[in-house]
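Asks: What follows is a single structure, and I will ask about it in a moment.
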Amino acid sequence: MPSFFSSDTSRDVLITGVGVVSPLGSSAVSTWQRLIAGERAARQLDSNDIDHFDQLKEISGLRLHGAPVDHWNVAGQLSQSPFYHAANAEIRAAWISEPLVAMSLVALQEAANQAAISFPVAARDRLAVVFGSSKGGLRTAEKLTAWLKSGIQATKSSSPIKQDRAGMNLHGASAATSFESLWSHAFQTNSATQAIAATVGANAAVSCPVAACATGLISVIQGAAMIRSGLCDVCIVGSADAGLRASVVSSFHRLRVTSRCNAPPDACRPFDSTRDGFVIGEGAGVMILESRSHAEARGVSGLARVHSGTWLSDPTGMTQIDATGAVVAEVLKRAGVSDQFHPDVIGVHGTGTESNDLAEARGIFHVFGESSPQCFGVKGAIGHLLGAAGSVETILTVLSLLNQQIPATANLQNQDPRCRIPLCAKSQFRPAMRRAAKLSLGFGGHVACGLFEAES
């Protein structure tokens with residue numbers, strides 16, 4: 001894929017605002033601060049965190065660990081957003097009942113505030129949305145399934161949404177919504193995409209990439225390409241995932257990709273010789289991308305520039321990856337890593353599974369050898385956010401450049417000698433960093449790389 005940066009600087013792709021909801025906090029600021037402080041979000045789940053708790057306890061070897069988001073706090077933030085109040089009551093009830101959508105809109109509000117941009121913009125035909133998800137609204141899917149099983153007449157149902165800690169209803173507010181409204185605004189894979197597009201009034205293009213755990217980074221790359229091509233001036237990009245559900249936890253356990261460690265905070269140990277899998281988390285990440293000319297016309301400076309990016313398909317298997325690292329090395333080269341663009345830091349995918357860690361480490365070493373840039377992975381601190389991982393981790397990689405700090409790779413105590421990349425167990429200041437790479441890998445063979453450069 002060609003660079004998004006050339007002699008025509010008017011179409012440089014700038015990141016002007018970011019927003020995050022993660023297990024470490026309901027904003028990019030709080031997430032970053034707690035990450036740098038060395039906090040870890042994984043903990044033991046209880047019946048208030050996850051449905052079918054008693055049944056899950058009966059599964060042999062399953063550790064009921066997770067990195068949940070504070071959905072009650074998210075619901076409170078959403079209730080204060082102008083985006084929320086601009087919608088009608090039934091749509092608001094659907095949005096706030098589904099964590100996938102609620103987290104996305106809260107992250108959007110933070111990104112819009114930082115970018116100092118108001119929606120809808122005047123030139124709606126120059127505004128696009130590329131916002132992905134790997135699964136859609138699973139909480140809503142379970143609710144709709146239960147309604148159908150109980151024999152409720154779907155087209156006439158208006159059962160009130162239950163109030164609980166997960167934000168199904170907002171602080172006791174009365175809310176009711178129909179089967180059709182939940183289906184249209186909270187259940188579908190593109191429900192968060194539709195909510196964002198409706199909120200901002202995007203008319204240029206609306207897309208919902210689905211690429212497993214690489215979804216978020218691929219959304220950023222696609223959105224940047226749209227701006228660079230002249231299709232739009234502003235593009236809202238990112239992804240969300242609310243997959244900390246019994247169905248997902250039990251399925252990933254059977255795939256043997258989740259950790260069986262007894263201590264939740266220590267469970268996800270990327271690149272450590274004792275690693276045995278990850279901990280499932282949830283979250284959302286939103287970035288406001290703009291052409292340089294559009295941002296300058298508004299008097300706004302970019303946080304960073306999207307230099308280039310691309311993705312490849314690894315045909316090894318549906319849930320496997322080429323452990324030689326050949327595909328990872330190839331995507332780094334095709335994205336634009338070279339003597340002219342040598343990153344100062346690499347944000348790795350780092351799931352804490354042997355196949356992923358070896359593939360990434362070997363691919364990076366193949367490209368850089370002993371002169372590899374400093375690398376870091378955040379899943380030991382925030383969990384694996386699945387469909388939201390690519391967007392949230394890309395934002396944290398950009399914040400690493402902005403703050404001249406490299407986050408710790410949490411829980412790294414005895415680095416696997418086969419993973420010959422530089423990692424640090426504690427956060428480090430690293431002045432003069434200007435360039436960063438981000439890798440994302442996903443089931444189904446999705447392998448993506450994005451390159452980013454500081455603006456000042």
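If you're wondering about the labels, chains in the structure tokens are A, B, ... by order shown, residues count from 1 in each chain, ligands from 1 in order shown.
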Taking the DSSP assignment computed from this structure's backbone, write out as a list of chain:residue names all residues of segment 11-196 of chain A that belong to strand (DSSP E).

Replies: A:Val13, A:Leu14, A:Ile15, A:Thr16, A:Gly17, A:Val18, A:Gly19, A:Val20, A:Val21, A:Arg43, A:Gln44, A:His65, A:Gly66, A:Leu127, A:Ala128, A:Val129, A:Val130, A:Phe131, A:Gly132, A:Ser133

Asks: Would you write out those residues with N, CA, C and O atoms, as a tab-separated table (two decimals), in the first residue's frame?

Replies:
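Final output, saved to out_26.tsv:
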chain	number	residue	atom	x	y	z
A	13	VAL	N	-2.42	12.70	6.27
A	13	VAL	CA	-3.49	12.22	7.15
A	13	VAL	C	-3.06	12.43	8.59
A	13	VAL	O	-2.13	11.79	9.09
A	14	LEU	N	-3.75	13.34	9.27
A	14	LEU	CA	-3.42	13.68	10.65
A	14	LEU	C	-4.43	13.06	11.61
A	14	LEU	O	-5.62	12.96	11.31
A	15	ILE	N	-3.93	12.66	12.76
A	15	ILE	CA	-4.80	12.23	13.86
A	15	ILE	C	-5.00	13.47	14.73
A	15	ILE	O	-4.05	13.99	15.32
A	16	THR	N	-6.23	13.94	14.82
A	16	THR	CA	-6.49	15.16	15.59
A	16	THR	C	-7.20	14.91	16.91
A	16	THR	O	-7.28	15.82	17.75
A	17	GLY	N	-7.72	13.71	17.11
A	17	GLY	CA	-8.37	13.41	18.38
A	17	GLY	C	-8.45	11.92	18.60
A	17	GLY	O	-8.59	11.15	17.65
A	18	VAL	N	-8.36	11.49	19.87
A	18	VAL	CA	-8.47	10.07	20.20
A	18	VAL	C	-9.39	9.90	21.41
A	18	VAL	O	-9.48	10.78	22.27
A	19	GLY	N	-10.06	8.78	21.45
A	19	GLY	CA	-10.92	8.45	22.58
A	19	GLY	C	-10.83	6.96	22.87
A	19	GLY	O	-10.76	6.15	21.95
A	20	VAL	N	-10.83	6.61	24.14
A	20	VAL	CA	-10.67	5.21	24.55
A	20	VAL	C	-11.62	4.88	25.70
A	20	VAL	O	-11.81	5.69	26.61
A	21	VAL	N	-12.20	3.71	25.64
A	21	VAL	CA	-12.82	3.07	26.81
A	21	VAL	C	-12.11	1.73	26.95
A	21	VAL	O	-12.04	0.95	25.99
A	43	ARG	N	-8.94	-9.39	36.65
A	43	ARG	CA	-9.36	-9.78	38.00
A	43	ARG	C	-10.31	-10.97	37.91
A	43	ARG	O	-10.76	-11.37	36.83
A	44	GLN	N	-10.63	-11.51	39.07
A	44	GLN	CA	-11.60	-12.60	39.14
A	44	GLN	C	-12.99	-12.03	38.85
A	44	GLN	O	-13.39	-11.00	39.40
A	65	HIS	N	-11.49	-15.49	34.83
A	65	HIS	CA	-10.76	-14.23	34.83
A	65	HIS	C	-11.26	-13.34	33.70
A	65	HIS	O	-11.77	-13.83	32.69
A	66	GLY	N	-11.09	-12.07	33.85
A	66	GLY	CA	-11.44	-11.15	32.78
A	66	GLY	C	-10.94	-9.75	33.09
A	66	GLY	O	-10.50	-9.46	34.21
A	127	LEU	N	-17.44	13.73	4.98
A	127	LEU	CA	-17.22	13.06	6.26
A	127	LEU	C	-17.53	11.57	6.12
A	127	LEU	O	-18.60	11.20	5.62
A	128	ALA	N	-16.62	10.72	6.56
A	128	ALA	CA	-16.79	9.27	6.46
A	128	ALA	C	-16.58	8.60	7.81
A	128	ALA	O	-16.02	9.19	8.74
A	129	VAL	N	-17.03	7.37	7.90
A	129	VAL	CA	-16.84	6.55	9.11
A	129	VAL	C	-16.34	5.17	8.67
A	129	VAL	O	-16.93	4.54	7.79
A	130	VAL	N	-15.24	4.72	9.27
A	130	VAL	CA	-14.76	3.35	9.11
A	130	VAL	C	-14.54	2.82	10.52
A	130	VAL	O	-13.52	3.07	11.15
A	131	PHE	N	-15.54	2.10	11.01
A	131	PHE	CA	-15.53	1.67	12.41
A	131	PHE	C	-15.97	0.21	12.47
A	131	PHE	O	-17.08	-0.13	12.04
A	132	GLY	N	-15.11	-0.65	12.97
A	132	GLY	CA	-15.36	-2.08	12.91
A	132	GLY	C	-15.67	-2.73	14.24
A	132	GLY	O	-15.54	-2.13	15.30
A	133	SER	N	-16.10	-3.97	14.15
A	133	SER	CA	-16.34	-4.82	15.32
A	133	SER	C	-16.21	-6.26	14.86
A	133	SER	O	-16.50	-6.57	13.70

Asks: Extract, using only C-alpha atoms, all DNA, RNA and protein residues at most 9 Å from segment 307-317 of chain A, discarding same-chain residues fewer than 5 positions from it, and format them as a compact mmCIF listing (two decimals) with N, CA, C and O atoms, in the first residue's frame.

Replies:
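And here is the file that came out, result.txt:
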# COMPACT_ATOMS: atom_id res chain seq x y z
N MET A 1 0.86 -1.19 0.00
CA MET A 1 0.00 0.00 0.00
C MET A 1 0.89 1.24 0.00
O MET A 1 1.87 1.30 0.74
N PRO A 2 0.62 2.25 -0.82
CA PRO A 2 1.47 3.42 -0.89
C PRO A 2 1.43 4.25 0.39
O PRO A 2 0.50 4.16 1.19
N SER A 3 2.44 5.06 0.57
CA SER A 3 2.51 5.95 1.72
C SER A 3 1.37 6.96 1.68
O SER A 3 0.92 7.38 0.62
N PHE A 4 0.90 7.36 2.87
CA PHE A 4 -0.10 8.42 2.96
C PHE A 4 0.58 9.78 3.10
O PHE A 4 -0.06 10.78 3.37
N PHE A 5 1.89 9.81 2.93
CA PHE A 5 2.66 11.04 3.11
C PHE A 5 3.50 11.25 1.86
O PHE A 5 4.26 10.39 1.45
N ASP A 12 -1.90 15.03 3.66
CA ASP A 12 -1.35 14.26 4.77
C ASP A 12 -2.49 13.87 5.70
O ASP A 12 -3.43 14.66 5.91
N VAL A 13 -2.42 12.70 6.27
CA VAL A 13 -3.49 12.22 7.15
C VAL A 13 -3.06 12.43 8.59
O VAL A 13 -2.13 11.79 9.09
N LEU A 217 -6.98 -1.77 13.66
CA LEU A 217 -5.87 -1.20 12.89
C LEU A 217 -6.21 -1.15 11.41
O LEU A 217 -5.89 -0.17 10.73
N ILE A 218 -6.88 -2.16 10.90
CA ILE A 218 -7.29 -2.14 9.50
C ILE A 218 -8.28 -1.00 9.25
O ILE A 218 -8.25 -0.35 8.19
N VAL A 220 -8.21 1.90 10.73
CA VAL A 220 -7.39 3.11 10.66
C VAL A 220 -6.74 3.22 9.28
O VAL A 220 -6.74 4.29 8.65
N ILE A 221 -6.19 2.12 8.80
CA ILE A 221 -5.50 2.12 7.50
C ILE A 221 -6.48 2.43 6.38
O ILE A 221 -6.19 3.23 5.46
N GLN A 222 -7.68 1.83 6.42
CA GLN A 222 -8.68 2.09 5.39
C GLN A 222 -9.13 3.54 5.42
O GLN A 222 -9.29 4.19 4.37
N ALA A 224 -7.50 6.16 6.53
CA ALA A 224 -6.42 7.03 6.06
C ALA A 224 -6.33 7.00 4.54
O ALA A 224 -6.11 8.02 3.89
N ALA A 225 -6.50 5.81 3.95
CA ALA A 225 -6.46 5.70 2.50
C ALA A 225 -7.59 6.49 1.83
O ALA A 225 -7.40 7.07 0.76
N ASP A 322 1.63 -18.49 10.85
CA ASP A 322 2.94 -18.98 10.45
C ASP A 322 3.97 -18.60 11.50
O ASP A 322 4.35 -17.43 11.63
N VAL A 327 5.34 -14.01 7.48
CA VAL A 327 4.24 -13.10 7.11
C VAL A 327 4.36 -11.78 7.87
O VAL A 327 4.12 -10.70 7.30
N VAL A 328 4.74 -11.85 9.13
CA VAL A 328 4.94 -10.62 9.91
C VAL A 328 6.06 -9.78 9.30
O VAL A 328 5.94 -8.55 9.16
N GLU A 330 7.00 -9.76 6.21
CA GLU A 330 6.52 -9.23 4.93
C GLU A 330 5.60 -8.04 5.12
O GLU A 330 5.69 -7.05 4.37
N VAL A 331 4.72 -8.10 6.11
CA VAL A 331 3.79 -6.97 6.29
C VAL A 331 4.54 -5.74 6.79
O VAL A 331 4.19 -4.60 6.44
N LEU A 332 5.59 -5.91 7.60
CA LEU A 332 6.40 -4.77 8.02
C LEU A 332 7.04 -4.10 6.81
O LEU A 332 7.03 -2.86 6.69
N ARG A 334 6.11 -4.32 3.57
CA ARG A 334 5.12 -3.74 2.66
C ARG A 334 4.47 -2.49 3.23
O ARG A 334 4.02 -1.62 2.49
N ALA A 335 4.40 -2.41 4.55
CA ALA A 335 3.83 -1.20 5.17
C ALA A 335 4.74 0.00 4.97
O ALA A 335 4.27 1.14 5.01
N GLY A 336 6.04 -0.25 4.76
CA GLY A 336 6.94 0.86 4.51
C GLY A 336 8.14 0.95 5.42
O GLY A 336 8.90 1.93 5.36
N PHE A 443 -7.42 -13.93 14.19
CA PHE A 443 -7.88 -15.21 13.67
C PHE A 443 -8.38 -15.02 12.24
O PHE A 443 -8.93 -13.98 11.88
N GLY A 444 -8.21 -16.06 11.43
CA GLY A 444 -8.60 -15.97 10.03
C GLY A 444 -7.46 -15.53 9.15
O GLY A 444 -7.64 -15.37 7.93
N GLY A 445 -6.27 -15.29 9.73
CA GLY A 445 -5.10 -14.94 8.95
C GLY A 445 -4.89 -13.47 8.70
O GLY A 445 -4.13 -13.08 7.81
N HIS A 446 -5.55 -12.59 9.47
CA HIS A 446 -5.39 -11.14 9.30
C HIS A 446 -4.10 -10.67 9.97
O HIS A 446 -3.93 -10.87 11.18
N VAL A 447 -3.21 -10.05 9.22
CA VAL A 447 -1.95 -9.54 9.74
C VAL A 447 -1.78 -8.12 9.21
O VAL A 447 -1.70 -7.90 7.99
N ALA A 448 -1.74 -7.12 10.10
CA ALA A 448 -1.74 -5.73 9.69
C ALA A 448 -0.59 -4.97 10.34
O ALA A 448 -0.14 -5.32 11.45
N CYS A 449 -0.15 -3.92 9.66
CA CYS A 449 0.88 -3.04 10.21
C CYS A 449 0.58 -1.61 9.81
O CYS A 449 0.28 -1.33 8.65
N GLY A 450 0.65 -0.70 10.78
CA GLY A 450 0.49 0.72 10.52
C GLY A 450 1.72 1.47 11.00
O GLY A 450 2.34 1.10 12.01
N LEU A 451 2.13 2.50 10.27
CA LEU A 451 3.28 3.33 10.63
C LEU A 451 2.81 4.75 10.93
O LEU A 451 2.00 5.31 10.18
N PHE A 452 3.34 5.32 12.00
CA PHE A 452 2.89 6.61 12.48
C PHE A 452 4.10 7.50 12.78
O PHE A 452 5.16 7.00 13.18
N GLU A 453 3.91 8.81 12.63
CA GLU A 453 5.01 9.74 12.83
C GLU A 453 4.53 10.97 13.60
O GLU A 453 3.43 11.48 13.36

Asks: Which of these, A:Val367, A:Ile288, A:Leu182, A:Val29, has the shortest distance to Arg420 of chain A once you count only C-alpha atoms?

Replies: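 Of A:Val367, A:Ile288, A:Leu182, A:Val29, the one nearest Arg420 of chain A, counting only C-alpha atoms, is A:Val367.
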
Asks: Set the distance at 9 Å and use only C-alpha atoms: which residues neighbour Asp241 of chain A once local chain neighbours fewer than 6 positions away are removed? I'd like the list as a PyMOL selection string.

Replies: chain A and resi 99-100+103-104+132-137+281-284+385-389

Asks: Dump N, CA, C and O atoms for the selected residues as a PDB file, in the first residue's frame?

Replies:
ATOM      1  N   PRO A  99     -23.447  -2.552  25.562  1.00  0.00           N
ATOM      2  CA  PRO A  99     -22.106  -2.006  25.846  1.00  0.00           C
ATOM      3  C   PRO A  99     -21.287  -1.702  24.598  1.00  0.00           C
ATOM      4  O   PRO A  99     -20.510  -0.753  24.583  1.00  0.00           O
ATOM      5  N   LEU A 100     -21.439  -2.503  23.545  1.00  0.00           N
ATOM      6  CA  LEU A 100     -20.683  -2.260  22.312  1.00  0.00           C
ATOM      7  C   LEU A 100     -20.924  -0.849  21.800  1.00  0.00           C
ATOM      8  O   LEU A 100     -19.982  -0.131  21.432  1.00  0.00           O
ATOM      9  N   MET A 103     -19.959   2.105  24.676  1.00  0.00           N
ATOM     10  CA  MET A 103     -18.523   2.388  24.754  1.00  0.00           C
ATOM     11  C   MET A 103     -18.051   3.169  23.526  1.00  0.00           C
ATOM     12  O   MET A 103     -17.227   4.090  23.639  1.00  0.00           O
ATOM     13  N   SER A 104     -18.563   2.824  22.361  1.00  0.00           N
ATOM     14  CA  SER A 104     -18.143   3.490  21.127  1.00  0.00           C
ATOM     15  C   SER A 104     -18.501   4.967  21.137  1.00  0.00           C
ATOM     16  O   SER A 104     -17.706   5.830  20.740  1.00  0.00           O
ATOM     17  N   GLY A 132     -15.107  -0.652  12.967  1.00  0.00           N
ATOM     18  CA  GLY A 132     -15.361  -2.079  12.911  1.00  0.00           C
ATOM     19  C   GLY A 132     -15.673  -2.726  14.240  1.00  0.00           C
ATOM     20  O   GLY A 132     -15.535  -2.133  15.304  1.00  0.00           O
ATOM     21  N   SER A 133     -16.100  -3.969  14.152  1.00  0.00           N
ATOM     22  CA  SER A 133     -16.341  -4.815  15.319  1.00  0.00           C
ATOM     23  C   SER A 133     -16.215  -6.258  14.862  1.00  0.00           C
ATOM     24  O   SER A 133     -16.496  -6.573  13.697  1.00  0.00           O
ATOM     25  N   SER A 134     -15.798  -7.119  15.753  1.00  0.00           N
ATOM     26  CA  SER A 134     -15.616  -8.512  15.341  1.00  0.00           C
ATOM     27  C   SER A 134     -16.851  -9.372  15.589  1.00  0.00           C
ATOM     28  O   SER A 134     -16.940 -10.477  15.052  1.00  0.00           O
ATOM     29  N   LYS A 135     -17.814  -8.866  16.381  1.00  0.00           N
ATOM     30  CA  LYS A 135     -18.925  -9.742  16.749  1.00  0.00           C
ATOM     31  C   LYS A 135     -20.293  -9.086  16.806  1.00  0.00           C
ATOM     32  O   LYS A 135     -21.300  -9.779  16.773  1.00  0.00           O
ATOM     33  N   GLY A 136     -20.378  -7.800  16.962  1.00  0.00           N
ATOM     34  CA  GLY A 136     -21.673  -7.178  17.161  1.00  0.00           C
ATOM     35  C   GLY A 136     -22.082  -7.187  18.630  1.00  0.00           C
ATOM     36  O   GLY A 136     -21.297  -7.506  19.524  1.00  0.00           O
ATOM     37  N   GLY A 137     -23.334  -6.841  18.886  1.00  0.00           N
ATOM     38  CA  GLY A 137     -23.823  -6.702  20.259  1.00  0.00           C
ATOM     39  C   GLY A 137     -24.232  -8.032  20.869  1.00  0.00           C
ATOM     40  O   GLY A 137     -25.396  -8.451  20.750  1.00  0.00           O
ATOM     41  N   GLY A 281     -10.682  -9.143  27.506  1.00  0.00           N
ATOM     42  CA  GLY A 281     -11.139  -7.831  27.936  1.00  0.00           C
ATOM     43  C   GLY A 281     -12.165  -7.282  26.964  1.00  0.00           C
ATOM     44  O   GLY A 281     -12.685  -8.002  26.098  1.00  0.00           O
ATOM     45  N   GLU A 282     -12.461  -6.004  27.088  1.00  0.00           N
ATOM     46  CA  GLU A 282     -13.446  -5.345  26.229  1.00  0.00           C
ATOM     47  C   GLU A 282     -13.121  -3.868  26.179  1.00  0.00           C
ATOM     48  O   GLU A 282     -12.369  -3.357  27.011  1.00  0.00           O
ATOM     49  N   GLY A 283     -13.649  -3.158  25.203  1.00  0.00           N
ATOM     50  CA  GLY A 283     -13.362  -1.736  25.112  1.00  0.00           C
ATOM     51  C   GLY A 283     -13.698  -1.161  23.759  1.00  0.00           C
ATOM     52  O   GLY A 283     -14.322  -1.809  22.901  1.00  0.00           O
ATOM     53  N   ALA A 284     -13.258   0.088  23.546  1.00  0.00           N
ATOM     54  CA  ALA A 284     -13.491   0.795  22.286  1.00  0.00           C
ATOM     55  C   ALA A 284     -12.408   1.839  22.100  1.00  0.00           C
ATOM     56  O   ALA A 284     -11.927   2.432  23.071  1.00  0.00           O
ATOM     57  N   LEU A 385      -8.505  -7.220  24.087  1.00  0.00           N
ATOM     58  CA  LEU A 385      -9.781  -6.572  23.806  1.00  0.00           C
ATOM     59  C   LEU A 385     -10.422  -7.069  22.511  1.00  0.00           C
ATOM     60  O   LEU A 385     -11.403  -6.481  22.042  1.00  0.00           O
ATOM     61  N   LEU A 386      -9.862  -8.123  21.941  1.00  0.00           N
ATOM     62  CA  LEU A 386     -10.443  -8.789  20.772  1.00  0.00           C
ATOM     63  C   LEU A 386     -10.658  -7.793  19.635  1.00  0.00           C
ATOM     64  O   LEU A 386      -9.711  -7.199  19.158  1.00  0.00           O
ATOM     65  N   GLY A 387     -11.898  -7.576  19.200  1.00  0.00           N
ATOM     66  CA  GLY A 387     -12.132  -6.668  18.082  1.00  0.00           C
ATOM     67  C   GLY A 387     -11.736  -5.233  18.340  1.00  0.00           C
ATOM     68  O   GLY A 387     -11.543  -4.453  17.408  1.00  0.00           O
ATOM     69  N   ALA A 388     -11.598  -4.843  19.613  1.00  0.00           N
ATOM     70  CA  ALA A 388     -11.177  -3.482  19.959  1.00  0.00           C
ATOM     71  C   ALA A 388      -9.675  -3.357  20.141  1.00  0.00           C
ATOM     72  O   ALA A 388      -9.157  -2.246  20.299  1.00  0.00           O
ATOM     73  N   ALA A 389      -8.949  -4.485  20.131  1.00  0.00           N
ATOM     74  CA  ALA A 389      -7.516  -4.459  20.438  1.00  0.00           C
ATOM     75  C   ALA A 389      -6.752  -3.563  19.472  1.00  0.00           C
ATOM     76  O   ALA A 389      -5.921  -2.742  19.887  1.00  0.00           O
TER      77      ALA A 389
END

Asks: Report the residues of segment 302-433 of chain A whose backbone DSSP state falls under helix (DSSP H, G or I), written as a PyMOL selection string.

Replies: chain A and resi 326-335+354-371+379-382+386-403

Asks: Deliver the residues from the most recent selection as a file, using C-alpha atoms, as a PDB file, in the first residue's frame.

Replies:
ATOM      1  CA  ALA A 326       7.670 -14.738   7.453  1.00  0.00           C
ATOM      2  CA  VAL A 327       4.240 -13.097   7.109  1.00  0.00           C
ATOM      3  CA  VAL A 328       4.941 -10.616   9.913  1.00  0.00           C
ATOM      4  CA  ALA A 329       8.258  -9.691   8.278  1.00  0.00           C
ATOM      5  CA  GLU A 330       6.524  -9.234   4.927  1.00  0.00           C
ATOM      6  CA  VAL A 331       3.795  -6.972   6.294  1.00  0.00           C
ATOM      7  CA  LEU A 332       6.404  -4.772   8.024  1.00  0.00           C
ATOM      8  CA  LYS A 333       8.256  -4.350   4.727  1.00  0.00           C
ATOM      9  CA  ARG A 334       5.119  -3.743   2.658  1.00  0.00           C
ATOM     10  CA  ALA A 335       3.833  -1.202   5.171  1.00  0.00           C
ATOM     11  CA  GLU A 354       3.292 -19.279  21.952  1.00  0.00           C
ATOM     12  CA  SER A 355       2.412 -19.166  18.245  1.00  0.00           C
ATOM     13  CA  ASN A 356       1.638 -15.427  18.241  1.00  0.00           C
ATOM     14  CA  ASP A 357       4.639 -14.397  20.292  1.00  0.00           C
ATOM     15  CA  LEU A 358       7.075 -16.467  18.237  1.00  0.00           C
ATOM     16  CA  ALA A 359       5.634 -15.267  14.923  1.00  0.00           C
ATOM     17  CA  GLU A 360       5.878 -11.605  15.905  1.00  0.00           C
ATOM     18  CA  ALA A 361       9.297 -11.823  17.512  1.00  0.00           C
ATOM     19  CA  ARG A 362      10.780 -13.806  14.626  1.00  0.00           C
ATOM     20  CA  GLY A 363       9.233 -11.497  12.030  1.00  0.00           C
ATOM     21  CA  ILE A 364      10.572  -8.371  13.737  1.00  0.00           C
ATOM     22  CA  PHE A 365      14.011  -9.935  14.188  1.00  0.00           C
ATOM     23  CA  HIS A 366      14.065 -10.991  10.533  1.00  0.00           C
ATOM     24  CA  VAL A 367      13.564  -7.360   9.459  1.00  0.00           C
ATOM     25  CA  PHE A 368      15.753  -5.565  12.010  1.00  0.00           C
ATOM     26  CA  GLY A 369      18.149  -8.171  13.413  1.00  0.00           C
ATOM     27  CA  GLU A 370      19.984  -7.040  16.520  1.00  0.00           C
ATOM     28  CA  SER A 371      19.089  -3.394  15.825  1.00  0.00           C
ATOM     29  CA  LYS A 379      -2.303  -7.125  26.889  1.00  0.00           C
ATOM     30  CA  GLY A 380      -0.751  -8.076  30.220  1.00  0.00           C
ATOM     31  CA  ALA A 381      -2.125  -4.777  31.554  1.00  0.00           C
ATOM     32  CA  ILE A 382      -5.485  -4.361  29.792  1.00  0.00           C
ATOM     33  CA  LEU A 386     -10.443  -8.789  20.772  1.00  0.00           C
ATOM     34  CA  GLY A 387     -12.132  -6.668  18.082  1.00  0.00           C
ATOM     35  CA  ALA A 388     -11.177  -3.482  19.959  1.00  0.00           C
ATOM     36  CA  ALA A 389      -7.516  -4.459  20.438  1.00  0.00           C
ATOM     37  CA  GLY A 390      -6.244  -2.945  17.184  1.00  0.00           C
ATOM     38  CA  SER A 391      -7.769   0.500  17.739  1.00  0.00           C
ATOM     39  CA  VAL A 392      -7.069   0.865  21.459  1.00  0.00           C
ATOM     40  CA  GLU A 393      -3.496  -0.396  21.089  1.00  0.00           C
ATOM     41  CA  THR A 394      -2.888   1.875  18.093  1.00  0.00           C
ATOM     42  CA  ILE A 395      -3.980   4.847  20.185  1.00  0.00           C
ATOM     43  CA  LEU A 396      -1.640   3.768  22.988  1.00  0.00           C
ATOM     44  CA  THR A 397       1.183   3.491  20.450  1.00  0.00           C
ATOM     45  CA  VAL A 398       0.479   7.056  19.274  1.00  0.00           C
ATOM     46  CA  LEU A 399       0.373   8.232  22.909  1.00  0.00           C
ATOM     47  CA  SER A 400       3.755   6.586  23.412  1.00  0.00           C
ATOM     48  CA  LEU A 401       5.149   8.908  20.738  1.00  0.00           C
ATOM     49  CA  LEU A 402       3.375  11.963  22.122  1.00  0.00           C
ATOM     50  CA  ASN A 403       4.513  11.344  25.696  1.00  0.00           C
TER      51      ASN A 403
END

Asks: So that I can see what lies close to Phe376 of chain A, please list as a ChimeraX atom specification the residues with an atom at most 12 Å from it, counting only C-alpha atoms and leaving out residues fewer than 2 positions away in the same chain.

Replies: /A:35-36,270-271,344-351,357,360-361,372-374,378-381,393-394,396-397,400,405-412,421-428,436-439

Asks: My list of candidates is A:Ser79, A:Thr274, A:Ser97, A:Val106. Which is closest to Pro417 of chain A when distances are computed with only C-alpha atoms?

Replies: A:Thr274

Asks: Neighbours of Trp183 of chain A within 10 Å (only C-alpha atoms; same-chain residues fewer than 4 positions away dropped), as an NGL selection string?

Replies: :A and (94 or 137 or 140-141 or 144 or 178-179 or 187-188 or 191)

Asks: Find the spatial neighbours of Gln80 of chain A, counting only C-alpha atoms, within a cut-off of 12 Å - ignore same-chain residues fewer than 5 positions away - and output them as a list of chain:residue names.

Replies: A:Asn73, A:Val74, A:Ala75, A:His85, A:Ala86, A:Ile96, A:Ala102, A:Leu105, A:Val106, A:Gln109, A:Glu110, A:Leu170

Asks: Within 12 Å of His253 of chain A, counting only C-alpha atoms, which residues show up once you throw out same-chain ones fewer than 3 positions away? Write them as number ranges by chain, please.

Replies: A: 56, 59-65, 246-250, 256-260, 276-280

Asks: Generate a file of the selected residues that holds C-alpha atoms, formatted as a JSON list (two decimals), in the first residue's frame.

Replies:
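Below is the file result.json, written as the result:
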[["chain", "number", "residue", "atom", "x", "y", "z"],
["A", 56, "LEU", "CA", -19.06, -21.49, 33.76],
["A", 59, "ILE", "CA", -16.16, -26.15, 33.19],
["A", 60, "SER", "CA", -13.00, -28.09, 33.98],
["A", 61, "GLY", "CA", -9.87, -25.96, 34.02],
["A", 62, "LEU", "CA", -11.66, -22.71, 33.16],
["A", 63, "ARG", "CA", -10.41, -19.70, 35.09],
["A", 64, "LEU", "CA", -13.14, -17.09, 35.48],
["A", 65, "HIS", "CA", -10.76, -14.23, 34.83],
["A", 246, "ALA", "CA", -20.01, -16.65, 28.62],
["A", 247, "SER", "CA", -20.14, -17.88, 25.02],
["A", 248, "VAL", "CA", -16.82, -16.26, 24.17],
["A", 249, "VAL", "CA", -15.06, -17.18, 27.40],
["A", 250, "SER", "CA", -16.02, -20.84, 27.10],
["A", 256, "ARG", "CA", -6.79, -23.26, 24.72],
["A", 257, "VAL", "CA", -5.82, -19.65, 24.08],
["A", 258, "THR", "CA", -6.87, -18.25, 27.47],
["A", 259, "SER", "CA", -4.60, -18.46, 30.49],
["A", 260, "ARG", "CA", -5.17, -21.02, 33.23],
["A", 276, "ASP", "CA", -0.02, -19.83, 28.63],
["A", 277, "GLY", "CA", -2.53, -17.53, 26.95],
["A", 278, "PHE", "CA", -4.43, -14.30, 27.45],
["A", 279, "VAL", "CA", -7.26, -12.80, 29.50],
["A", 280, "ILE", "CA", -10.33, -11.52, 27.66]]
